[in-house]
Amino acid sequence: MADAPPSRLRRALDDLRTLATMPRVRVVLSRGAPDEDEVLRRFRRRHPRYKVVGSKVLGVALLPLDDIADVDDYLAKVRFVRKRARRSSKLGYTVGLFDPVDRHADLLAIHSSLPERQGRPIDPEYLDPNAVARRGPNVEYIGVHHEGVVVAYSRLDHVGDIAGMGRVMGHGDHLDNGVMSLLMAGIVEHVKFTRPQARYVFYDTFFGAPEGLRAFKRNVGFRPHLVRWKREPPRPSEGSHG
């Protein structure tokens with residue numbers, strides 16, 4: 001049998017080192033709400049490759065918020081983001097929430113602006129003009145705006161003690177202007193201000209992600225963790241909302 005390509009072998013060895021050294025944490029994912037329980041079940045399902053663990057257990061990309069006082073503190077600690085976010089702001093880009101229905105055309109333009117992402121073709125679902133955006137009381141869309149147009153965005157799913165990032169994408173014409181770093185700074189600022197109970201920003205996992213996406217996650221402050229997802233009763237102030 002032929003030897004594995006050096007890059008693949010190196011990556012496998014790096015993954016083994018990461019597994020041996022990653023922090024172990026317990027994170028509350030549900031306090032009894034049906035939508036939270038569904039996410040908890042999904043995260044605990046067997047990993048398609050590593051059958052003995054859950055699908056979102058090894059190498060989970062977390063940005064701990066307890067260690068961050070505010071967005072200025074985050075930017076002081078993450079130089080990669082600070083430099084690029086400042087440049088983006090100077091070029092007139094801003095960050096704010098938006099309605100995905102109202103900005104449907106902007107999102108389609110973002111999705112179709114590049115033929116590939118991280119060396120992979122765009123998922124056809126992203127290019128479907130009839131696709132319906134997920135919405136709900138704990139779902140938000142935050143984006144980078146320029147001249148009245150959304151040019152980068154992320155969905156935020158607020159579940160338990162995490163703010164989960166999903167559908168993170170920027171328009172190809174604006175990526176060199178630091179819009180993804182400005183988006184990340186905006187996410188940290190928004191979550192710290194509006195969801196003070198959130199303890200982590202979550203961005204899927206490191207394992208299985210293309211090398212470029214892994215590098216981006218590290219550059220903006222995420223680190224791989226081994227996570228035990230927990231279910232707890234609602235906090236006293238939440239008891240009437242269950």
# chains A, B, ... in the order shown; residues from 1 in each chain; ligands from 1
$ residues_around --residues "Arg41 in chain A" --least-positions-apart "5" --cutoff "12 Å" --atoms "only C-alpha atoms" --output "count of residues only"
12
$ select_by_dssp --residues "range 103-151 of chain A" --states "helix (DSSP H, G or I)" --output "PyMOL selection string"
chain A and resi 104-111+124-127
$ write_last_selection --atoms "N, CA and C atoms" --output "PDB file, in the first residue's frame"
ATOM      1  N   HIS A 104     -32.245  38.950   1.230  1.00  0.00           N
ATOM      2  CA  HIS A 104     -32.108  37.705   0.468  1.00  0.00           C
ATOM      3  C   HIS A 104     -31.181  37.876  -0.742  1.00  0.00           C
ATOM      4  N   ALA A 105     -31.347  38.963  -1.481  1.00  0.00           N
ATOM      5  CA  ALA A 105     -30.519  39.191  -2.673  1.00  0.00           C
ATOM      6  C   ALA A 105     -29.051  39.388  -2.299  1.00  0.00           C
ATOM      7  N   ASP A 106     -28.808  40.086  -1.188  1.00  0.00           N
ATOM      8  CA  ASP A 106     -27.427  40.279  -0.730  1.00  0.00           C
ATOM      9  C   ASP A 106     -26.774  38.942  -0.406  1.00  0.00           C
ATOM     10  N   LEU A 107     -27.519  38.057   0.267  1.00  0.00           N
ATOM     11  CA  LEU A 107     -26.956  36.769   0.658  1.00  0.00           C
ATOM     12  C   LEU A 107     -26.675  35.900  -0.561  1.00  0.00           C
ATOM     13  N   LEU A 108     -27.566  35.916  -1.525  1.00  0.00           N
ATOM     14  CA  LEU A 108     -27.317  35.157  -2.755  1.00  0.00           C
ATOM     15  C   LEU A 108     -26.080  35.685  -3.476  1.00  0.00           C
ATOM     16  N   ALA A 109     -25.900  36.998  -3.471  1.00  0.00           N
ATOM     17  CA  ALA A 109     -24.716  37.585  -4.112  1.00  0.00           C
ATOM     18  C   ALA A 109     -23.443  37.133  -3.398  1.00  0.00           C
ATOM     19  N   ILE A 110     -23.485  37.073  -2.070  1.00  0.00           N
ATOM     20  CA  ILE A 110     -22.327  36.582  -1.307  1.00  0.00           C
ATOM     21  C   ILE A 110     -22.037  35.136  -1.678  1.00  0.00           C
ATOM     22  N   HIS A 111     -23.076  34.305  -1.655  1.00  0.00           N
ATOM     23  CA  HIS A 111     -22.897  32.868  -1.895  1.00  0.00           C
ATOM     24  C   HIS A 111     -22.332  32.571  -3.283  1.00  0.00           C
ATOM     25  N   PRO A 124     -24.982  23.437  -3.380  1.00  0.00           N
ATOM     26  CA  PRO A 124     -26.091  23.958  -4.196  1.00  0.00           C
ATOM     27  C   PRO A 124     -27.180  24.642  -3.381  1.00  0.00           C
ATOM     28  N   GLU A 125     -27.350  24.224  -2.121  1.00  0.00           N
ATOM     29  CA  GLU A 125     -28.393  24.825  -1.283  1.00  0.00           C
ATOM     30  C   GLU A 125     -28.150  26.315  -1.088  1.00  0.00           C
ATOM     31  N   TYR A 126     -26.874  26.721  -1.069  1.00  0.00           N
ATOM     32  CA  TYR A 126     -26.547  28.133  -0.896  1.00  0.00           C
ATOM     33  C   TYR A 126     -26.946  28.956  -2.122  1.00  0.00           C
ATOM     34  N   LEU A 127     -27.036  28.307  -3.268  1.00  0.00           N
ATOM     35  CA  LEU A 127     -27.332  29.008  -4.515  1.00  0.00           C
ATOM     36  C   LEU A 127     -28.804  28.917  -4.909  1.00  0.00           C
TER      37      LEU A 127
END
$ residues_around --residues "Val179 in chain A" --least-positions-apart "3" --cutoff "7 Å" --atoms "only C-alpha atoms" --output "list of chain:residue names"
A:Ala85, A:Ser88, A:Val144, A:Ala152, A:His174, A:Leu175, A:Leu182, A:Leu183
$ atom_distance --atom1 "CA of Pro210 in chain A" --atom2 "CA of Arg120 in chain A"
8.8 Å
$ closest_residue --among "A:Pro121, A:Gly96, A:Gly170, A:Gly59" --to "Asp204 in chain A" --atoms "only C-alpha atoms"
A:Gly59
$ residues_around --residues "Pro137 in chain A" --least-positions-apart "5" --cutoff "12 Å" --atoms "only C-alpha atoms" --output "PyMOL selection string"
chain A and resi 33+35+156-159+241
$ atom_distance --atom1 "CA of Ala215 in chain A" --atom2 "CA of Met184 in chain A"
14.3 Å
